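Peer 1: Structure file model30.cif, mmCIF, C-alpha atoms, is pasted below:
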```cif
data_model
#
loop_
_atom_site.label_atom_id
_atom_site.label_comp_id
_atom_site.auth_asym_id
_atom_site.auth_seq_id
_atom_site.Cartn_x
_atom_site.Cartn_y
_atom_site.Cartn_z
CA MET W 19 -22.88 114.88 142.50
CA ARG W 20 -21.34 118.18 141.38
CA SER W 21 -20.13 118.84 144.90
CA LEU W 22 -17.77 115.84 144.68
CA LEU W 23 -14.42 117.45 143.83
CA LEU W 24 -13.00 114.64 141.74
CA PHE W 25 -11.49 116.81 139.04
CA ARG W 26 -9.39 119.25 141.01
CA PHE W 27 -6.10 119.29 139.11
CA GLY W 28 -3.78 119.66 142.08
CA SER W 29 -0.10 118.94 142.53
CA ARG W 30 -0.69 115.20 142.86
CA ALA W 31 -2.61 115.09 139.59
CA ARG W 32 0.05 117.18 137.82
CA SER W 33 2.93 115.03 139.03
CA THR W 34 1.04 111.85 138.08
CA SER W 35 0.33 113.22 134.60
CA TRP W 36 3.99 114.09 134.11
CA GLY W 37 5.03 110.62 135.22
CA ILE W 38 2.59 109.05 132.76
CA ALA W 39 3.79 111.45 130.06
CA LEU W 40 7.42 110.39 130.51
CA CYS W 41 6.45 106.73 130.17
CA THR W 42 4.47 107.50 127.01
CA MET W 43 7.37 109.53 125.63
CA PHE W 44 9.64 106.52 126.17
CA ILE W 45 7.20 104.30 124.25
CA VAL W 46 6.95 106.77 121.35
CA ALA W 47 10.71 107.29 121.17
CA SER W 48 11.47 103.54 121.25
CA PHE W 49 9.05 102.73 118.46
CA SER W 50 10.17 105.79 116.49
CA VAL W 51 13.73 104.47 116.42
CA ALA W 52 12.57 101.02 115.30
CA ASP W 53 10.15 102.47 112.73
CA GLY W 54 12.77 104.88 111.43
CA LEU W 55 15.34 102.13 110.97
CA ARG W 56 12.72 100.12 109.10
CA THR W 57 12.14 103.07 106.75
CA SER W 58 15.89 103.58 106.36
CA THR W 59 16.50 100.02 105.21
CA GLU W 60 13.60 100.27 102.78
CA ASN W 61 15.19 103.40 101.31
CA LEU W 62 18.53 101.63 101.06
CA ALA W 63 16.87 98.63 99.45
CA ASP W 64 15.35 100.94 96.84
CA ASN W 65 18.78 102.38 96.11
CA PHE W 66 20.23 98.90 95.73
CA SER W 67 17.25 97.44 93.88
CA SER W 68 19.45 96.94 90.81
CA GLU W 69 21.77 94.78 92.93
CA TYR W 70 24.96 96.76 93.05
CA SER W 71 28.09 94.84 94.00
CA LEU W 72 31.33 96.07 95.50
CA VAL W 73 34.37 94.61 93.71
CA THR W 74 37.82 94.67 95.28
CA LYS W 75 41.05 92.71 94.87
CA PRO W 76 42.37 91.78 98.33
CA SER W 77 45.99 90.89 98.94
CA PRO W 78 48.06 90.10 102.07
CA THR W 79 49.11 93.75 102.26
CA GLY W 80 45.68 95.29 101.66
CA LEU W 81 43.72 96.06 98.50
CA GLU W 82 45.57 95.51 95.26
CA GLN W 83 45.33 97.87 92.30
CA PHE W 84 43.62 96.65 89.16
CA ASP W 85 42.75 98.02 85.73
CA GLN W 86 39.58 97.91 83.68
CA GLU W 87 41.30 95.36 81.45
CA ASP W 88 41.49 92.97 84.41
CA MET W 89 37.71 92.75 84.47
CA PRO W 90 35.76 90.18 82.45
CA GLU W 91 35.14 91.39 78.93
CA GLY W 92 32.04 93.52 78.51
CA LEU W 93 31.56 94.17 82.24
CA ALA W 94 30.66 97.81 82.96
CA VAL W 95 31.88 99.11 86.30
CA ALA W 96 32.40 102.40 88.10
CA GLY W 97 36.08 102.18 89.00
CA GLY W 98 37.30 104.15 91.96
CA ILE W 99 40.14 104.99 94.29
CA PHE W 100 39.94 105.66 97.99
CA VAL W 101 42.88 106.82 100.07
CA ASP W 102 43.37 107.25 103.79
CA ALA W 103 44.92 110.69 104.19
CA GLY W 104 46.01 112.86 107.05
CA ILE W 105 45.10 116.53 107.40
CA ALA W 106 48.16 118.74 107.77
CA GLY W 107 48.22 120.56 111.10
CA SER W 108 45.66 118.21 112.61
CA GLU W 109 45.61 114.74 114.15
CA ASN W 110 42.47 113.91 112.19
CA ARG W 111 42.46 111.61 109.20
CA VAL W 112 39.94 111.32 106.43
CA THR W 113 39.13 108.91 103.61
CA VAL W 114 39.19 110.62 100.22
CA PHE W 115 37.60 108.89 97.25
CA ALA W 116 36.93 109.42 93.57
CA PHE W 117 35.45 107.25 90.86
CA ASN W 118 35.19 107.10 87.11
CA ASP W 119 31.63 106.27 86.10
CA SER W 120 31.92 106.67 82.34
CA SER W 121 29.56 103.72 81.85
CA SER W 122 26.84 105.33 84.02
CA VAL W 123 26.69 102.41 86.41
CA LEU W 124 25.61 104.50 89.39
CA ASP W 125 22.26 106.21 89.73
CA GLU W 126 23.93 109.00 91.70
CA ALA W 127 25.66 111.88 89.94
CA PHE W 128 28.46 113.99 91.40
CA SER W 129 30.23 116.97 89.89
CA VAL W 130 33.71 117.83 91.13
CA SER W 131 36.84 118.94 89.31
CA GLY W 132 40.44 119.96 89.75
CA SER W 133 41.66 120.49 93.29
CA ASN W 134 38.13 120.88 94.64
CA VAL W 135 36.59 118.31 96.98
CA LEU W 136 33.09 117.81 98.34
CA ALA W 137 32.48 117.10 102.03
CA GLY W 138 29.80 114.72 103.26
CA GLN W 139 26.67 116.21 104.78
CA GLY W 140 27.08 117.05 108.46
CA TYR W 141 30.89 117.14 108.44
CA ASP W 142 32.51 120.54 108.63
CA TYR W 143 35.99 121.12 107.25
CA PRO W 144 37.98 124.33 106.68
CA ALA W 145 37.62 125.88 103.23
CA GLU W 146 41.17 124.75 102.40
CA LEU W 147 42.89 121.53 103.45
CA THR W 148 46.30 120.04 102.89
CA LEU W 149 45.90 116.28 102.56
CA VAL W 150 48.89 114.08 103.24
CA SER W 151 49.19 110.52 101.95
CA ALA W 152 51.83 109.28 99.51
CA THR W 153 52.12 112.92 98.52
CA SER W 154 50.87 116.21 99.90
CA VAL W 155 48.07 118.03 98.06
CA THR W 156 46.23 121.23 98.95
CA VAL W 157 42.51 121.11 98.14
CA SER W 158 39.53 123.43 98.43
CA VAL W 159 36.26 122.29 99.99
CA ALA W 160 33.86 123.54 97.35
CA GLY W 161 30.60 121.97 98.52
CA ARG W 162 28.86 118.93 99.95
CA PHE W 163 27.60 115.60 98.71
CA SER W 164 24.77 113.44 99.99
CA SER W 165 24.86 109.77 99.17
CA SER W 166 23.26 106.55 100.33
CA MET W 167 26.19 104.58 98.92
CA PHE W 168 29.29 106.44 100.06
CA PRO W 169 29.89 107.34 103.73
CA SER W 170 29.32 110.92 104.83
CA ALA W 171 32.66 111.08 106.64
CA TRP W 172 34.54 110.78 103.34
CA LEU W 173 35.73 113.53 101.02
CA LEU W 174 34.89 113.28 97.32
CA GLY W 175 37.53 114.37 94.83
CA GLU W 176 38.22 114.12 91.14
CA ILE W 177 40.00 111.02 89.84
CA GLY W 178 43.09 112.99 88.77
CA LEU W 179 43.39 114.51 92.24
CA LEU W 180 43.32 111.04 93.83
CA ARG W 181 46.02 109.81 91.46
CA GLU W 182 48.18 112.75 92.49
CA LEU W 183 47.52 112.16 96.18
CA SER W 184 48.12 108.41 96.07
CA SER W 185 50.67 108.17 93.25
CA PHE W 186 48.38 105.65 91.52
CA SER W 187 49.32 106.36 87.93
CA THR W 188 46.66 103.98 86.63
CA GLY W 189 44.08 101.56 87.94
CA TYR W 190 41.65 101.47 90.81
CA ASN W 191 41.37 99.82 94.22
CA PHE W 192 37.61 99.36 94.19
CA ALA W 193 34.80 99.16 91.66
CA ILE W 194 31.03 99.08 91.74
CA ALA W 195 29.20 96.83 89.29
CA ARG W 196 25.52 96.28 88.67
CA ASP W 197 23.44 93.23 87.82
CA LEU W 198 26.21 90.68 88.13
CA GLY W 199 25.15 87.19 87.21
CA ALA W 200 26.57 84.00 88.66
CA ASP W 201 28.91 83.54 85.69
CA ARG W 202 30.43 87.02 86.01
CA ILE W 203 30.83 86.65 89.78
CA SER W 204 32.56 83.31 89.20
CA ASN W 205 34.87 84.85 86.59
CA LEU W 206 35.75 87.73 88.90
CA GLU W 207 36.45 85.47 91.85
CA SER W 208 38.60 83.15 89.72
CA SER W 209 40.65 86.24 88.79
CA GLY W 210 41.30 87.02 92.45
CA PHE W 211 38.54 89.58 92.98
CA SER W 212 36.22 89.71 95.97
CA VAL W 213 32.56 90.44 95.17
CA GLN W 214 30.24 91.66 97.91
CA PRO W 215 26.61 92.11 96.80
CA MET W 216 25.40 95.35 98.37
CA VAL W 217 21.83 94.05 98.53
CA GLY W 218 23.21 91.42 100.87
CA ILE W 219 24.38 94.16 103.19
CA VAL W 220 20.87 95.61 103.21
CA GLU W 221 19.38 92.18 103.96
CA PHE W 222 21.79 91.82 106.88
CA LEU W 223 20.76 95.21 108.22
CA ASP W 224 17.11 94.33 107.64
CA SER W 225 17.32 91.15 109.72
CA GLY W 226 18.99 93.04 112.56
CA ILE W 227 16.37 95.78 112.48
CA GLU W 228 13.56 93.20 112.61
CA GLU W 229 15.08 92.01 115.87
CA ILE W 230 15.22 95.60 117.13
CA ARG W 231 11.56 96.09 116.25
CA ALA W 232 10.62 92.88 118.04
CA ASP W 233 12.58 93.97 121.10
CA ALA W 234 10.92 97.39 121.00
CA THR W 235 7.51 95.81 121.56
CA TRP W 236 8.71 94.71 124.98
CA VAL W 237 9.02 98.37 125.92
CA LEU W 238 5.23 98.39 126.19
CA ILE W 239 5.20 95.96 129.11
CA PRO W 240 7.37 97.82 131.67
CA SER W 241 6.07 101.21 130.54
CA ALA W 242 2.43 100.13 130.83
CA PHE W 243 3.18 98.60 134.24
CA VAL W 244 4.67 101.86 135.52
CA ILE W 245 1.69 103.83 134.15
CA ALA W 246 -0.70 101.42 135.91
CA ILE W 247 1.20 101.83 139.20
CA LEU W 248 1.08 105.62 138.88
CA ALA W 249 -2.68 105.55 138.23
CA TYR W 250 -3.20 103.11 141.10
CA SER W 251 -1.24 105.32 143.52
CA PHE W 252 -2.98 108.47 142.35
CA LEU W 253 -6.54 107.21 142.62
CA GLY W 254 -5.81 105.31 145.84
CA SER W 255 -4.52 108.50 147.46
CA GLU W 256 -7.34 110.60 146.07
CA THR W 257 -10.07 108.27 147.30
CA PHE W 258 -8.44 108.08 150.74
CA ASP W 259 -8.26 111.87 151.06
CA ARG W 260 -11.83 112.37 149.79
CA ARG W 261 -13.47 109.41 151.40
CA HIS W 262 -15.68 111.60 153.58
CA ASP W 263 -16.99 113.48 150.52
CA ILE W 264 -17.63 110.24 148.68
CA GLY W 265 -19.47 108.93 151.74
CA ILE W 266 -21.76 111.96 151.64
CA VAL W 267 -22.53 111.33 147.96
CA LYS W 268 -23.31 107.70 148.73
CA THR W 269 -25.60 108.79 151.56
CA VAL W 270 -27.68 111.04 149.31
CA GLY W 271 -28.36 108.19 146.92
CA ALA W 272 -25.47 107.67 144.48
CA GLY W 273 -25.15 104.00 143.58
CA ARG W 274 -21.99 101.99 143.27
CA TRP W 275 -21.95 102.21 139.48
CA LYS W 276 -22.26 105.97 139.62
CA ILE W 277 -19.34 106.23 142.07
CA LEU W 278 -17.27 103.84 139.93
CA TYR W 279 -18.09 105.90 136.84
CA TYR W 280 -16.88 109.15 138.41
CA LEU W 281 -13.71 107.62 139.82
CA MET W 282 -12.79 105.92 136.54
CA LEU W 283 -13.59 109.12 134.66
CA ASN W 284 -11.11 110.86 136.92
CA ALA W 285 -8.47 108.23 136.06
CA LEU W 286 -9.32 108.59 132.35
CA VAL W 287 -8.75 112.36 132.46
CA ILE W 288 -5.37 111.99 134.17
CA SER W 289 -4.22 109.17 131.88
CA ALA W 290 -5.43 110.88 128.69
CA TRP W 291 -3.76 114.16 129.63
CA GLY W 292 -0.51 112.35 130.41
CA GLY W 293 -0.82 110.41 127.15
CA VAL W 294 -1.30 113.53 125.03
CA LEU W 295 1.61 115.24 126.73
CA GLY W 296 3.80 112.13 126.37
CA VAL W 297 3.02 111.74 122.67
CA ALA W 298 3.89 115.39 122.08
CA LEU W 299 7.16 115.01 123.97
CA GLY W 300 7.91 111.78 122.11
CA ILE W 301 7.40 113.48 118.73
CA MET W 302 9.69 116.34 119.74
CA LEU W 303 12.33 113.90 120.98
CA SER W 304 12.07 111.72 117.88
CA TYR W 305 12.41 114.50 115.35
CA GLY W 306 15.10 116.22 117.41
CA ALA W 307 17.09 112.99 117.46
CA SER W 308 16.42 112.48 113.74
CA THR W 309 17.78 115.94 112.94
CA PHE W 310 20.84 115.27 115.07
CA ALA W 311 21.40 111.82 113.52
CA SER W 312 21.04 113.13 109.96
CA ALA W 313 24.11 115.29 110.53
CA PHE W 314 26.15 112.10 110.96
CA PHE W 315 24.39 109.68 108.64
CA THR W 316 23.54 111.93 105.69
CA SER W 317 19.81 111.52 106.36
CA VAL W 318 20.04 107.85 105.40
CA PHE W 319 19.09 106.75 108.89
CA VAL W 320 16.03 108.51 110.24
CA ILE W 321 13.85 108.35 113.32
CA LYS W 322 10.19 108.35 112.39
CA ALA W 323 7.12 108.97 114.56
CA SER W 324 4.20 107.60 112.53
CA VAL W 325 0.49 108.19 113.18
CA PRO W 326 -0.27 104.50 113.98
CA LEU W 327 2.64 104.59 116.43
CA MET W 328 1.25 107.66 118.20
CA VAL W 329 -2.26 106.17 118.35
CA LEU W 330 -0.89 102.90 119.76
CA SER W 331 1.19 104.73 122.39
CA PHE W 332 -1.77 106.85 123.47
CA ALA W 333 -4.11 103.83 123.61
CA VAL W 334 -1.64 101.80 125.71
CA THR W 335 -1.23 104.75 128.10
CA VAL W 336 -4.96 105.24 128.64
CA LEU W 337 -5.66 101.50 128.94
CA ALA W 338 -2.83 100.99 131.46
CA GLY W 339 -4.03 103.97 133.48
CA MET W 340 -7.60 102.68 133.58
CA VAL W 341 -6.50 99.17 134.57
CA GLY W 342 -4.29 100.55 137.34
CA ALA W 343 -7.07 102.74 138.70
CA LEU W 344 -9.71 100.00 138.63
CA LEU W 345 -8.76 98.31 141.93
CA PRO W 346 -8.85 101.39 144.21
CA ALA W 347 -12.02 102.56 142.45
CA VAL W 348 -13.78 99.23 143.01
CA LYS W 349 -12.63 99.11 146.64
CA MET W 350 -14.09 102.58 147.19
CA THR W 351 -17.47 101.56 145.79
CA LEU W 352 -17.66 98.55 148.13
CA THR W 353 -17.19 100.50 151.38
CA LYS W 354 -20.22 101.41 153.49
CA PRO W 355 -21.24 105.08 153.63
CA VAL W 356 -21.25 105.04 157.44
CA ASP W 357 -17.62 103.86 157.49
CA ASP W 358 -16.65 106.53 154.96
CA LEU W 359 -18.22 109.26 157.11
CA LYS W 360 -16.90 108.29 160.50
CA GLU W 361 -13.31 107.17 159.75
CA VAL W 362 -12.03 110.09 157.70
CA THR W 363 -12.30 113.78 158.40
CA PRO W 364 -13.92 115.96 155.73
CA PHE W 365 -11.66 116.93 152.87
CA ALA W 366 -10.64 120.55 153.00
#
```
Just give me the structure as structure tokens.
Peer 2:
Amino acid sequence: MRSLLLFRFGSRARSTSWGIALCTMFIVASFSVADGLRTSTENLADNFSSEYSLVTKPSPTGLEQFDQEDMPEGLAVAGGIFVDAGIAGSENRVTVFAFNDSSSVLDEAFSVSGSNVLAGQGYDYPAELTLVSATSVTVSVAGRFSSSMFPSAWLLGEIGLLRELSSFSTGYNFAIARDLGADRISNLESSGFSVQPMVGIVEFLDSGIEEIRADATWVLIPSAFVIAILAYSFLGSETFDRRHDIGIVKTVGAGRWKILYYLMLNALVISAWGGVLGVALGIMLSYGASTFASAFFTSVFVIKASVPLMVLSFAVTVLAGMVGALLPAVKMTLTKPVDDLKEVTPFA
């Protein structure tokens, strides 16, 4: 049996393994995106577990200014200002924001003062900027902020700086409140405010991501089908080329089960090697994409390759390869040795 060259890793075996690896990589990457989004929404849900709410006062011309005194009595909020500003000498625009959290409503803490601003993670700005809105103000980019609540593309400034930039002498154009009951929400809305529970935003994202995860499972079907076709083509070609050698082994006494065992073992080696390579490539792709995405989403949205995911991807790859190889292997075991010897020239 050792003379049967079933495990020669030639060009056909290498190309088949690479094809299987690419399919496995696609499975790993698809589930990594879905798994990562699941983790991201769980992280956001933790941040909003105290049920933060965004409070604004819409008007026909945009968001209206309001003061703390306009809020229901005893309601603690983090009042803020955000301004759309241009960057002098550039066509780019940026949203600049600041907030006054004297009541410690937010779990996050930021430190910025004077004409300094902080840039969101992953966004590069010159060390000095001239922002143009209602007025023109020159600021220094003194550092970075990372937040799950405020967008990374924004610039964080001090409340006095925003008043100078926007000419808002008093008041705010947004506020963040926590633990609003139905009565407080009703009072705010009767006063013309709009209240958007942030936990509702997370629930909306969560429902969408559940659909993405459900759709991702369908990736298994076409990928497994392609892997099975690759294994079928590989073993079919191999058995055709080596039919004379297999006929010799049958002649010297190898039974059908022994032949089937060796052929399926060959398919197992090719599928397992492609699976290992594909999982490795999928992990590299997932974490490479996660690093790239974190530059734009402040590491809130991640792409995660979990151990169960890798095991599932590898198992699907090997199973699909074995199923695809089963038909040509069985057909080879059913042929007569005399037909194997006379119809095909010896394999060189």
Peer 1: Looking at W:Ile245, W:Ile99, W:Ile277, W:Leu299, which one is nearest to W:Leu174, with distances taken over all atoms listed in the file?
Peer 2: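 Distance minimum relative to W:Leu174 lands on W:Ile99.
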Peer 1: Restricting the calculation to only C-alpha atoms, which member of W:Ala171, W:Pro355, W:Ser324, W:Ile38 is positioned closest to W:Val270?
Peer 2: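 Of W:Ala171, W:Pro355, W:Ser324, W:Ile38, the one nearest W:Val270, counting only C-alpha atoms, is W:Pro355.
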Peer 1: For W:Leu238, list every protein, DNA or RNA residue within 9 Å, evaluated using all atoms listed in the file, and leave out those in the same chain fewer than 4 positions away; present the list as a VMD selection string.
Peer 2: chain W and resid 45 234 242 to 243 331 334
Peer 1: May I have the residues within 9 Å of W:Ala94 as an NGL selection string, using all atoms listed in the file and disregarding those fewer than 3 positions away in the same chain?
Peer 2: :W and (86 or 89 or 91 or 120-123 or 194-196)
Peer 1: Given the file shown, determine the residues that the PyMOL selection byres ((chain W and resi 202) around 12) selects; report them as a compact mmCIF listing (two decimals) with C-alpha atoms, in the coordinates of the input.
Peer 2:
```txt
# COMPACT_ATOMS: atom_id res chain seq x y z
CA SER W 71 28.09 94.84 94.00
CA VAL W 73 34.37 94.61 93.71
CA MET W 89 37.71 92.75 84.47
CA PRO W 90 35.76 90.18 82.45
CA GLU W 91 35.14 91.39 78.93
CA GLY W 92 32.04 93.52 78.51
CA LEU W 93 31.56 94.17 82.24
CA ALA W 94 30.66 97.81 82.96
CA ALA W 195 29.20 96.83 89.29
CA ARG W 196 25.52 96.28 88.67
CA ASP W 197 23.44 93.23 87.82
CA LEU W 198 26.21 90.68 88.13
CA GLY W 199 25.15 87.19 87.21
CA ALA W 200 26.57 84.00 88.66
CA ASP W 201 28.91 83.54 85.69
CA ILE W 203 30.83 86.65 89.78
CA SER W 204 32.56 83.31 89.20
CA ASN W 205 34.87 84.85 86.59
CA LEU W 206 35.75 87.73 88.90
CA GLU W 207 36.45 85.47 91.85
CA SER W 208 38.60 83.15 89.72
CA SER W 209 40.65 86.24 88.79
CA PHE W 211 38.54 89.58 92.98
CA SER W 212 36.22 89.71 95.97
CA VAL W 213 32.56 90.44 95.17
```
Peer 1: For a quick check of understanding, using only C-alpha atoms, which of W:Ala193, W:Met302, W:Ala347, W:Val101 has the smallest distance to W:Tyr280?
Peer 2: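 Of W:Ala193, W:Met302, W:Ala347, W:Val101, the one nearest W:Tyr280, counting only C-alpha atoms, is W:Ala347.
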Peer 1: Using only C-alpha atoms, which residues sit within 12 Å of W:Ala116 once same-chain residues fewer than 4 positions away are excluded, as a PyMOL selection string?
Peer 2: chain W and resi 96-101+128-132+134-136+168+172-184+190-193
Peer 1: From the options W:Lys349, W:Lys276, W:Lys75, W:Arg30, which residue's atoms come nearest to W:Gly189, counting all atoms listed in the file?
Peer 2: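 Using all atoms listed in the file, W:Gly189 sits closest to W:Lys75.
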Peer 1: Closest to W:Leu248 among W:Val336, W:Leu359, W:Val155, W:Ala103, using only C-alpha atoms?
Peer 2: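 Comparing W:Val336, W:Leu359, W:Val155, W:Ala103 against W:Leu248, the winner is W:Val336.
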Peer 1: Restricting the calculation to all atoms listed in the file: of W:Pro346, W:Gly28, W:Gly104, W:Pro240, which residue gets closest to W:Leu149?
Peer 2: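 The shortest atom-to-atom distance to W:Leu149 comes from W:Gly104.
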Peer 1: Pull out stretch 263-279 of chain W, keep N, CA and C atoms, and write it as a PDB file, in the first residue's frame.
Peer 2:
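Wrote it out as selection08.pdb, contents follow:
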```pdb
ATOM      1  N   ASP W 263      -2.225   2.732 -10.914  1.00  0.00           N
ATOM      2  CA  ASP W 263      -1.596   2.395  -9.627  1.00  0.00           C
ATOM      3  C   ASP W 263      -2.621   1.826  -8.647  1.00  0.00           C
ATOM      4  N   ILE W 264      -3.798   2.396  -8.648  1.00  0.00           N
ATOM      5  CA  ILE W 264      -4.841   1.890  -7.757  1.00  0.00           C
ATOM      6  C   ILE W 264      -5.246   0.480  -8.187  1.00  0.00           C
ATOM      7  N   GLY W 265      -5.283   0.245  -9.497  1.00  0.00           N
ATOM      8  CA  GLY W 265      -5.604  -1.099  -9.987  1.00  0.00           C
ATOM      9  C   GLY W 265      -4.598  -2.121  -9.517  1.00  0.00           C
ATOM     10  N   ILE W 266      -3.316  -1.744  -9.501  1.00  0.00           N
ATOM     11  CA  ILE W 266      -2.282  -2.656  -9.002  1.00  0.00           C
ATOM     12  C   ILE W 266      -2.527  -2.988  -7.544  1.00  0.00           C
ATOM     13  N   VAL W 267      -2.846  -1.966  -6.738  1.00  0.00           N
ATOM     14  CA  VAL W 267      -3.097  -2.190  -5.311  1.00  0.00           C
ATOM     15  C   VAL W 267      -4.308  -3.094  -5.108  1.00  0.00           C
ATOM     16  N   LYS W 268      -5.327  -2.912  -5.920  1.00  0.00           N
ATOM     17  CA  LYS W 268      -6.492  -3.791  -5.832  1.00  0.00           C
ATOM     18  C   LYS W 268      -6.100  -5.228  -6.179  1.00  0.00           C
ATOM     19  N   THR W 269      -5.233  -5.369  -7.180  1.00  0.00           N
ATOM     20  CA  THR W 269      -4.835  -6.702  -7.630  1.00  0.00           C
ATOM     21  C   THR W 269      -4.093  -7.462  -6.548  1.00  0.00           C
ATOM     22  N   VAL W 270      -3.285  -6.766  -5.772  1.00  0.00           N
ATOM     23  CA  VAL W 270      -2.492  -7.453  -4.735  1.00  0.00           C
ATOM     24  C   VAL W 270      -3.276  -7.676  -3.452  1.00  0.00           C
ATOM     25  N   GLY W 271      -4.576  -7.332  -3.463  1.00  0.00           N
ATOM     26  CA  GLY W 271      -5.396  -7.737  -2.328  1.00  0.00           C
ATOM     27  C   GLY W 271      -6.059  -6.648  -1.519  1.00  0.00           C
ATOM     28  N   ALA W 272      -5.899  -5.379  -1.877  1.00  0.00           N
ATOM     29  CA  ALA W 272      -6.545  -4.309  -1.099  1.00  0.00           C
ATOM     30  C   ALA W 272      -8.041  -4.313  -1.376  1.00  0.00           C
ATOM     31  N   GLY W 273      -8.833  -4.321  -0.310  1.00  0.00           N
ATOM     32  CA  GLY W 273     -10.283  -4.327  -0.463  1.00  0.00           C
ATOM     33  C   GLY W 273     -10.838  -2.935  -0.738  1.00  0.00           C
ATOM     34  N   ARG W 274     -12.136  -2.910  -1.023  1.00  0.00           N
ATOM     35  CA  ARG W 274     -12.772  -1.646  -1.351  1.00  0.00           C
ATOM     36  C   ARG W 274     -12.712  -0.649  -0.196  1.00  0.00           C
ATOM     37  N   TRP W 275     -12.911  -1.147   1.025  1.00  0.00           N
ATOM     38  CA  TRP W 275     -12.878  -0.251   2.174  1.00  0.00           C
ATOM     39  C   TRP W 275     -11.492   0.338   2.385  1.00  0.00           C
ATOM     40  N   LYS W 276     -10.474  -0.439   2.105  1.00  0.00           N
ATOM     41  CA  LYS W 276      -9.107   0.058   2.250  1.00  0.00           C
ATOM     42  C   LYS W 276      -8.826   1.148   1.213  1.00  0.00           C
ATOM     43  N   ILE W 277      -9.264   0.928  -0.025  1.00  0.00           N
ATOM     44  CA  ILE W 277      -9.093   1.936  -1.072  1.00  0.00           C
ATOM     45  C   ILE W 277      -9.867   3.205  -0.722  1.00  0.00           C
ATOM     46  N   LEU W 278     -11.110   3.037  -0.258  1.00  0.00           N
ATOM     47  CA  LEU W 278     -11.932   4.183   0.121  1.00  0.00           C
ATOM     48  C   LEU W 278     -11.277   4.963   1.261  1.00  0.00           C
ATOM     49  N   TYR W 279     -10.710   4.216   2.216  1.00  0.00           N
ATOM     50  CA  TYR W 279     -10.046   4.857   3.351  1.00  0.00           C
ATOM     51  C   TYR W 279      -8.893   5.741   2.891  1.00  0.00           C
TER      52      TYR W 279
END
```
